[in-house]
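The next block holds one structure in the form of structure tokens; read it before the comments.
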Amino acid sequence: MYIDEIVLENFKSFAGTTRIPFYEDFTTISGPNGSGKSNIIDAVLFSLGLARTSGMRAEKLTDLIYNPAHEDAEGTSGPAEASVEVVLNNEDDTLSRSQVTTAAGSDSVGDVDTITVKRRVKRTDDNYYSYYYLNGRSVNLSDIQDLLAQAGVAPEGYNVVMQGDVTGIINMTAGERREIVDEIAGVAEFDAKKGDAFDE
Ligand code: ATP
Ligand code: MG
């Protein structure tokens with residue numbers, strides 16, 4: 001499974017609709033400072049529910065909505081809604097049809113050779129809302145996380161290595177580094193279950 005394309009709508013510095021194609025094996029994104037490279041990674045984290053708001057370099061979720069006055073202190077004259085859709089190529093059946101239908105809570109998910117995960121954030125006068133969709137079906141964050149975990153994509157799995165992570169890992173104790181290896185190898189899950197069993 002790999003990312004085929006991401007579709008941004010009014011996400012951070014990307015006004016209007018922006019489609020960004022990815023290659024199967026390797027894709028690099030280059031551009032001047034401040035041109036939006038990291039915002040593209042933030043978009044993936046946002047859509048797949050892989051990071052807290054601070055992890056996407058925002059104070060609050062609504063700061064992720066394109067704001068033409070972003071550099072000004074409190075201007076919010078822009079659109080009231082942003083969304084990001086991540087289009088996954090699942091032609092290799094990394095995720096089975098039944099895994100997808102279970103997560104979506106519906107059989108009508110279309111062809112699962114393509115899996116789309118979309119998240120929207122919407123601002124109202126006094127509140128904000130966040131919605132997730134799996135192949136067009138409205139779902140919860142936990143449905144997305146459970147599904148992606150079955151493909152080895154998890155918030156704690158270092159699928160996305162952020163700026164600063166490498167230094168963080170270098171500065172860890174050997175024990176802490178071992179915990180990361182356990183997490184990536186999938187051993188941590190069993191350690192947790194073993195711990196629970198001993199507690200009982
Ligand atoms: P660098 O090479 O320095 O790492 P980059 O290409 O990774 O740069 P980003 O951090 O992705 O750049 O983009 C930063 C830009 O995004 C800043 O100019 C900032 O003003 C803009 N930006 C962030 N949030 C918003 C928003 N909600 N609306 C408009 N622009 C935004
Ligand atoms: Mg950057």
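Residue numbers start at 1 in each chain; chains themselves are named A, B, ... in the order of the structure tokens; ligands are numbered from 1 in the order shown.
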Using only C-alpha atoms and all ligand atoms, what does the table of chain A residues within 7 Å of ligand 1 look like, with each row giving the shortest atom pair and its distance in Å to one decimal, sorted by chain and ascending number, as JSON lines?
```
{"residue": "A:Phe11", "atom": "CA", "partner": "ligand 1", "partner_atom_place_in_ligand_line": "27 (N)", "distance": 6.7}
{"residue": "A:Lys12", "atom": "CA", "partner": "ligand 1", "partner_atom_place_in_ligand_line": "26 (C)", "distance": 3.6}
{"residue": "A:Ser13", "atom": "CA", "partner": "ligand 1", "partner_atom_place_in_ligand_line": "30 (N)", "distance": 3.5}
{"residue": "A:Phe14", "atom": "CA", "partner": "ligand 1", "partner_atom_place_in_ligand_line": "29 (C)", "distance": 7.0}
{"residue": "A:Gly31", "atom": "CA", "partner": "ligand 1", "partner_atom_place_in_ligand_line": "6 (O)", "distance": 6.1}
{"residue": "A:Pro32", "atom": "CA", "partner": "ligand 1", "partner_atom_place_in_ligand_line": "2 (O)", "distance": 5.7}
{"residue": "A:Asn33", "atom": "CA", "partner": "ligand 1", "partner_atom_place_in_ligand_line": "2 (O)", "distance": 3.4}
{"residue": "A:Gly34", "atom": "CA", "partner": "ligand 1", "partner_atom_place_in_ligand_line": "12 (O)", "distance": 3.4}
{"residue": "A:Ser35", "atom": "CA", "partner": "ligand 1", "partner_atom_place_in_ligand_line": "6 (O)", "distance": 4.0}
{"residue": "A:Gly36", "atom": "CA", "partner": "ligand 1", "partner_atom_place_in_ligand_line": "11 (O)", "distance": 3.1}
{"residue": "A:Lys37", "atom": "CA", "partner": "ligand 1", "partner_atom_place_in_ligand_line": "6 (O)", "distance": 3.7}
{"residue": "A:Ser38", "atom": "CA", "partner": "ligand 1", "partner_atom_place_in_ligand_line": "11 (O)", "distance": 3.5}
{"residue": "A:Asn39", "atom": "CA", "partner": "ligand 1", "partner_atom_place_in_ligand_line": "11 (O)", "distance": 3.7}
{"residue": "A:Ile40", "atom": "CA", "partner": "ligand 1", "partner_atom_place_in_ligand_line": "11 (O)", "distance": 6.5}
{"residue": "A:Asp63", "atom": "CA", "partner": "ligand 1", "partner_atom_place_in_ligand_line": "27 (N)", "distance": 5.1}
{"residue": "A:Leu64", "atom": "CA", "partner": "ligand 1", "partner_atom_place_in_ligand_line": "27 (N)", "distance": 4.6}
{"residue": "A:Ile65", "atom": "CA", "partner": "ligand 1", "partner_atom_place_in_ligand_line": "27 (N)", "distance": 4.7}
{"residue": "A:Tyr66", "atom": "CA", "partner": "ligand 1", "partner_atom_place_in_ligand_line": "28 (N)", "distance": 3.7}
{"residue": "A:Asn67", "atom": "CA", "partner": "ligand 1", "partner_atom_place_in_ligand_line": "28 (N)", "distance": 3.7}
{"residue": "A:Pro68", "atom": "CA", "partner": "ligand 1", "partner_atom_place_in_ligand_line": "29 (C)", "distance": 5.5}
{"residue": "A:Ala69", "atom": "CA", "partner": "ligand 1", "partner_atom_place_in_ligand_line": "29 (C)", "distance": 7.0}
{"residue": "A:His70", "atom": "CA", "partner": "ligand 1", "partner_atom_place_in_ligand_line": "29 (C)", "distance": 4.8}
{"residue": "A:Glu71", "atom": "CA", "partner": "ligand 1", "partner_atom_place_in_ligand_line": "20 (O)", "distance": 5.6}
```
### Task
Please identify which residues in region 71-199 of chain A DSSP calls strand (DSSP E or B) from the backbone, and express them as a list in words.
Glu81, Ala82, Ser83, Val84, Glu85, Val86, Val87, Leu88, Asn89, Thr114, Ile115, Thr116, Val117, Lys118, Arg119, Arg120, Val121, Lys122, Arg123, Tyr128, Tyr129, Ser130, Tyr131, Tyr132, Tyr133, Leu134, Arg137, Ser138 and Val139 of chain A
Selection from above, N, CA and C atoms, as a PDB file, in the first residue's frame, can you write it?
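The file below, selection-v7.pdb, is the result:
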```pdb
ATOM      1  N   GLU A  81     -13.558  26.409   6.313  1.00  0.00           N
ATOM      2  CA  GLU A  81     -13.403  24.956   6.309  1.00  0.00           C
ATOM      3  C   GLU A  81     -12.157  24.531   5.531  1.00  0.00           C
ATOM      4  N   ALA A  82     -11.512  23.480   6.019  1.00  0.00           N
ATOM      5  CA  ALA A  82     -10.383  22.890   5.303  1.00  0.00           C
ATOM      6  C   ALA A  82     -10.576  21.382   5.261  1.00  0.00           C
ATOM      7  N   SER A  83      -9.988  20.742   4.256  1.00  0.00           N
ATOM      8  CA  SER A  83     -10.011  19.286   4.253  1.00  0.00           C
ATOM      9  C   SER A  83      -8.769  18.739   3.566  1.00  0.00           C
ATOM     10  N   VAL A  84      -8.438  17.509   3.928  1.00  0.00           N
ATOM     11  CA  VAL A  84      -7.345  16.794   3.272  1.00  0.00           C
ATOM     12  C   VAL A  84      -7.812  15.372   3.013  1.00  0.00           C
ATOM     13  N   GLU A  85      -7.636  14.933   1.777  1.00  0.00           N
ATOM     14  CA  GLU A  85      -7.944  13.542   1.448  1.00  0.00           C
ATOM     15  C   GLU A  85      -6.652  12.844   1.051  1.00  0.00           C
ATOM     16  N   VAL A  86      -6.382  11.709   1.688  1.00  0.00           N
ATOM     17  CA  VAL A  86      -5.230  10.895   1.322  1.00  0.00           C
ATOM     18  C   VAL A  86      -5.757   9.698   0.525  1.00  0.00           C
ATOM     19  N   VAL A  87      -5.268   9.569  -0.702  1.00  0.00           N
ATOM     20  CA  VAL A  87      -5.712   8.474  -1.568  1.00  0.00           C
ATOM     21  C   VAL A  87      -4.650   7.381  -1.523  1.00  0.00           C
ATOM     22  N   LEU A  88      -5.015   6.231  -0.974  1.00  0.00           N
ATOM     23  CA  LEU A  88      -4.071   5.120  -0.821  1.00  0.00           C
ATOM     24  C   LEU A  88      -4.283   4.095  -1.913  1.00  0.00           C
ATOM     25  N   ASN A  89      -3.189   3.677  -2.529  1.00  0.00           N
ATOM     26  CA  ASN A  89      -3.256   2.588  -3.495  1.00  0.00           C
ATOM     27  C   ASN A  89      -3.116   1.278  -2.718  1.00  0.00           C
ATOM     28  N   THR A 114      -8.571   1.142  -4.058  1.00  0.00           N
ATOM     29  CA  THR A 114      -8.298   2.518  -3.649  1.00  0.00           C
ATOM     30  C   THR A 114      -8.976   2.752  -2.304  1.00  0.00           C
ATOM     31  N   ILE A 115      -8.207   3.215  -1.333  1.00  0.00           N
ATOM     32  CA  ILE A 115      -8.780   3.554  -0.035  1.00  0.00           C
ATOM     33  C   ILE A 115      -8.575   5.058   0.165  1.00  0.00           C
ATOM     34  N   THR A 116      -9.662   5.749   0.443  1.00  0.00           N
ATOM     35  CA  THR A 116      -9.527   7.186   0.670  1.00  0.00           C
ATOM     36  C   THR A 116      -9.863   7.510   2.120  1.00  0.00           C
ATOM     37  N   VAL A 117      -8.978   8.275   2.718  1.00  0.00           N
ATOM     38  CA  VAL A 117      -9.209   8.756   4.086  1.00  0.00           C
ATOM     39  C   VAL A 117      -9.276  10.266   4.000  1.00  0.00           C
ATOM     40  N   LYS A 118     -10.368  10.818   4.474  1.00  0.00           N
ATOM     41  CA  LYS A 118     -10.528  12.268   4.370  1.00  0.00           C
ATOM     42  C   LYS A 118     -10.897  12.848   5.732  1.00  0.00           C
ATOM     43  N   ARG A 119     -10.347  13.980   6.021  1.00  0.00           N
ATOM     44  CA  ARG A 119     -10.724  14.680   7.247  1.00  0.00           C
ATOM     45  C   ARG A 119     -11.041  16.131   6.923  1.00  0.00           C
ATOM     46  N   ARG A 120     -12.082  16.619   7.564  1.00  0.00           N
ATOM     47  CA  ARG A 120     -12.485  18.023   7.389  1.00  0.00           C
ATOM     48  C   ARG A 120     -12.452  18.712   8.735  1.00  0.00           C
ATOM     49  N   VAL A 121     -12.093  19.970   8.753  1.00  0.00           N
ATOM     50  CA  VAL A 121     -12.255  20.771   9.964  1.00  0.00           C
ATOM     51  C   VAL A 121     -13.039  22.011   9.566  1.00  0.00           C
ATOM     52  N   LYS A 122     -14.011  22.342  10.397  1.00  0.00           N
ATOM     53  CA  LYS A 122     -14.943  23.418  10.071  1.00  0.00           C
ATOM     54  C   LYS A 122     -15.061  24.358  11.257  1.00  0.00           C
ATOM     55  N   ARG A 123     -14.998  25.638  10.979  1.00  0.00           N
ATOM     56  CA  ARG A 123     -15.126  26.621  12.045  1.00  0.00           C
ATOM     57  C   ARG A 123     -16.512  27.248  12.008  1.00  0.00           C
ATOM     58  N   TYR A 128     -15.888  24.551  16.744  1.00  0.00           N
ATOM     59  CA  TYR A 128     -15.324  23.961  15.531  1.00  0.00           C
ATOM     60  C   TYR A 128     -15.690  22.485  15.500  1.00  0.00           C
ATOM     61  N   TYR A 129     -15.658  21.900  14.318  1.00  0.00           N
ATOM     62  CA  TYR A 129     -16.024  20.496  14.141  1.00  0.00           C
ATOM     63  C   TYR A 129     -14.981  19.796  13.297  1.00  0.00           C
ATOM     64  N   SER A 130     -14.791  18.519  13.552  1.00  0.00           N
ATOM     65  CA  SER A 130     -13.839  17.721  12.786  1.00  0.00           C
ATOM     66  C   SER A 130     -14.537  16.426  12.367  1.00  0.00           C
ATOM     67  N   TYR A 131     -14.414  16.082  11.109  1.00  0.00           N
ATOM     68  CA  TYR A 131     -15.077  14.892  10.571  1.00  0.00           C
ATOM     69  C   TYR A 131     -14.084  14.016   9.821  1.00  0.00           C
ATOM     70  N   TYR A 132     -14.248  12.709   9.939  1.00  0.00           N
ATOM     71  CA  TYR A 132     -13.418  11.751   9.196  1.00  0.00           C
ATOM     72  C   TYR A 132     -14.295  10.930   8.251  1.00  0.00           C
ATOM     73  N   TYR A 133     -13.731  10.580   7.103  1.00  0.00           N
ATOM     74  CA  TYR A 133     -14.445   9.739   6.139  1.00  0.00           C
ATOM     75  C   TYR A 133     -13.518   8.647   5.631  1.00  0.00           C
ATOM     76  N   LEU A 134     -14.072   7.466   5.475  1.00  0.00           N
ATOM     77  CA  LEU A 134     -13.321   6.345   4.898  1.00  0.00           C
ATOM     78  C   LEU A 134     -14.083   5.899   3.653  1.00  0.00           C
ATOM     79  N   ARG A 137     -17.527   7.149   3.570  1.00  0.00           N
ATOM     80  CA  ARG A 137     -18.433   6.879   4.695  1.00  0.00           C
ATOM     81  C   ARG A 137     -17.945   7.640   5.916  1.00  0.00           C
ATOM     82  N   SER A 138     -18.874   8.236   6.626  1.00  0.00           N
ATOM     83  CA  SER A 138     -18.511   8.969   7.834  1.00  0.00           C
ATOM     84  C   SER A 138     -18.078   7.988   8.929  1.00  0.00           C
ATOM     85  N   VAL A 139     -16.911   8.213   9.510  1.00  0.00           N
ATOM     86  CA  VAL A 139     -16.375   7.308  10.537  1.00  0.00           C
ATOM     87  C   VAL A 139     -15.764   8.122  11.687  1.00  0.00           C
TER      88      VAL A 139
END
```
### Task
Compile the contact shell of Ser108 (chain A) as a ChimeraX atom specification: residues with an atom at most 12 Å away, counting only C-alpha atoms, same-chain residues fewer than 5 positions apart removed.
/A:97-98,100-103,134-138
Just-selected residues, N, CA and C atoms written as a compact mmCIF listing (two decimals), in the first residue's frame:
```txt
# COMPACT_ATOMS: atom_id res chain seq x y z
N ARG A 97 -10.76 -6.44 1.95
CA ARG A 97 -12.08 -5.81 1.83
C ARG A 97 -12.81 -5.83 3.17
N SER A 98 -12.73 -6.96 3.87
CA SER A 98 -13.48 -7.06 5.13
C SER A 98 -12.91 -6.12 6.19
N VAL A 100 -11.69 -3.23 5.56
CA VAL A 100 -12.17 -1.89 5.19
C VAL A 100 -13.66 -1.74 5.52
N THR A 101 -14.44 -2.76 5.19
CA THR A 101 -15.89 -2.65 5.45
C THR A 101 -16.15 -2.61 6.96
N THR A 102 -15.36 -3.35 7.74
CA THR A 102 -15.52 -3.33 9.21
C THR A 102 -15.24 -1.92 9.73
N ALA A 103 -14.14 -1.33 9.26
CA ALA A 103 -13.79 0.02 9.73
C ALA A 103 -14.82 1.04 9.30
N LEU A 134 -14.07 7.47 5.47
CA LEU A 134 -13.32 6.34 4.90
C LEU A 134 -14.08 5.90 3.65
N ASN A 135 -13.46 5.99 2.50
CA ASN A 135 -14.14 5.72 1.22
C ASN A 135 -15.53 6.37 1.18
N GLY A 136 -15.57 7.60 1.64
CA GLY A 136 -16.81 8.38 1.56
C GLY A 136 -17.79 8.15 2.71
N ARG A 137 -17.53 7.15 3.57
CA ARG A 137 -18.43 6.88 4.69
C ARG A 137 -17.94 7.64 5.92
N SER A 138 -18.87 8.24 6.63
CA SER A 138 -18.51 8.97 7.83
C SER A 138 -18.08 7.99 8.93
```
### Task
Counting only C-alpha atoms and all ligand atoms, figure out which residue out of A:Met162, A:Leu95, A:Val187, A:Ala154 gets nearest to ligand 2.
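For ligand 2, the nearest of the candidates is A:Met162.
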### Query
What is the CA of Arg19 (chain A)-CA of Gln145 (chain A) distance in Å, reported with one decimal?
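Between these atoms lies a distance of 23.7 Å.
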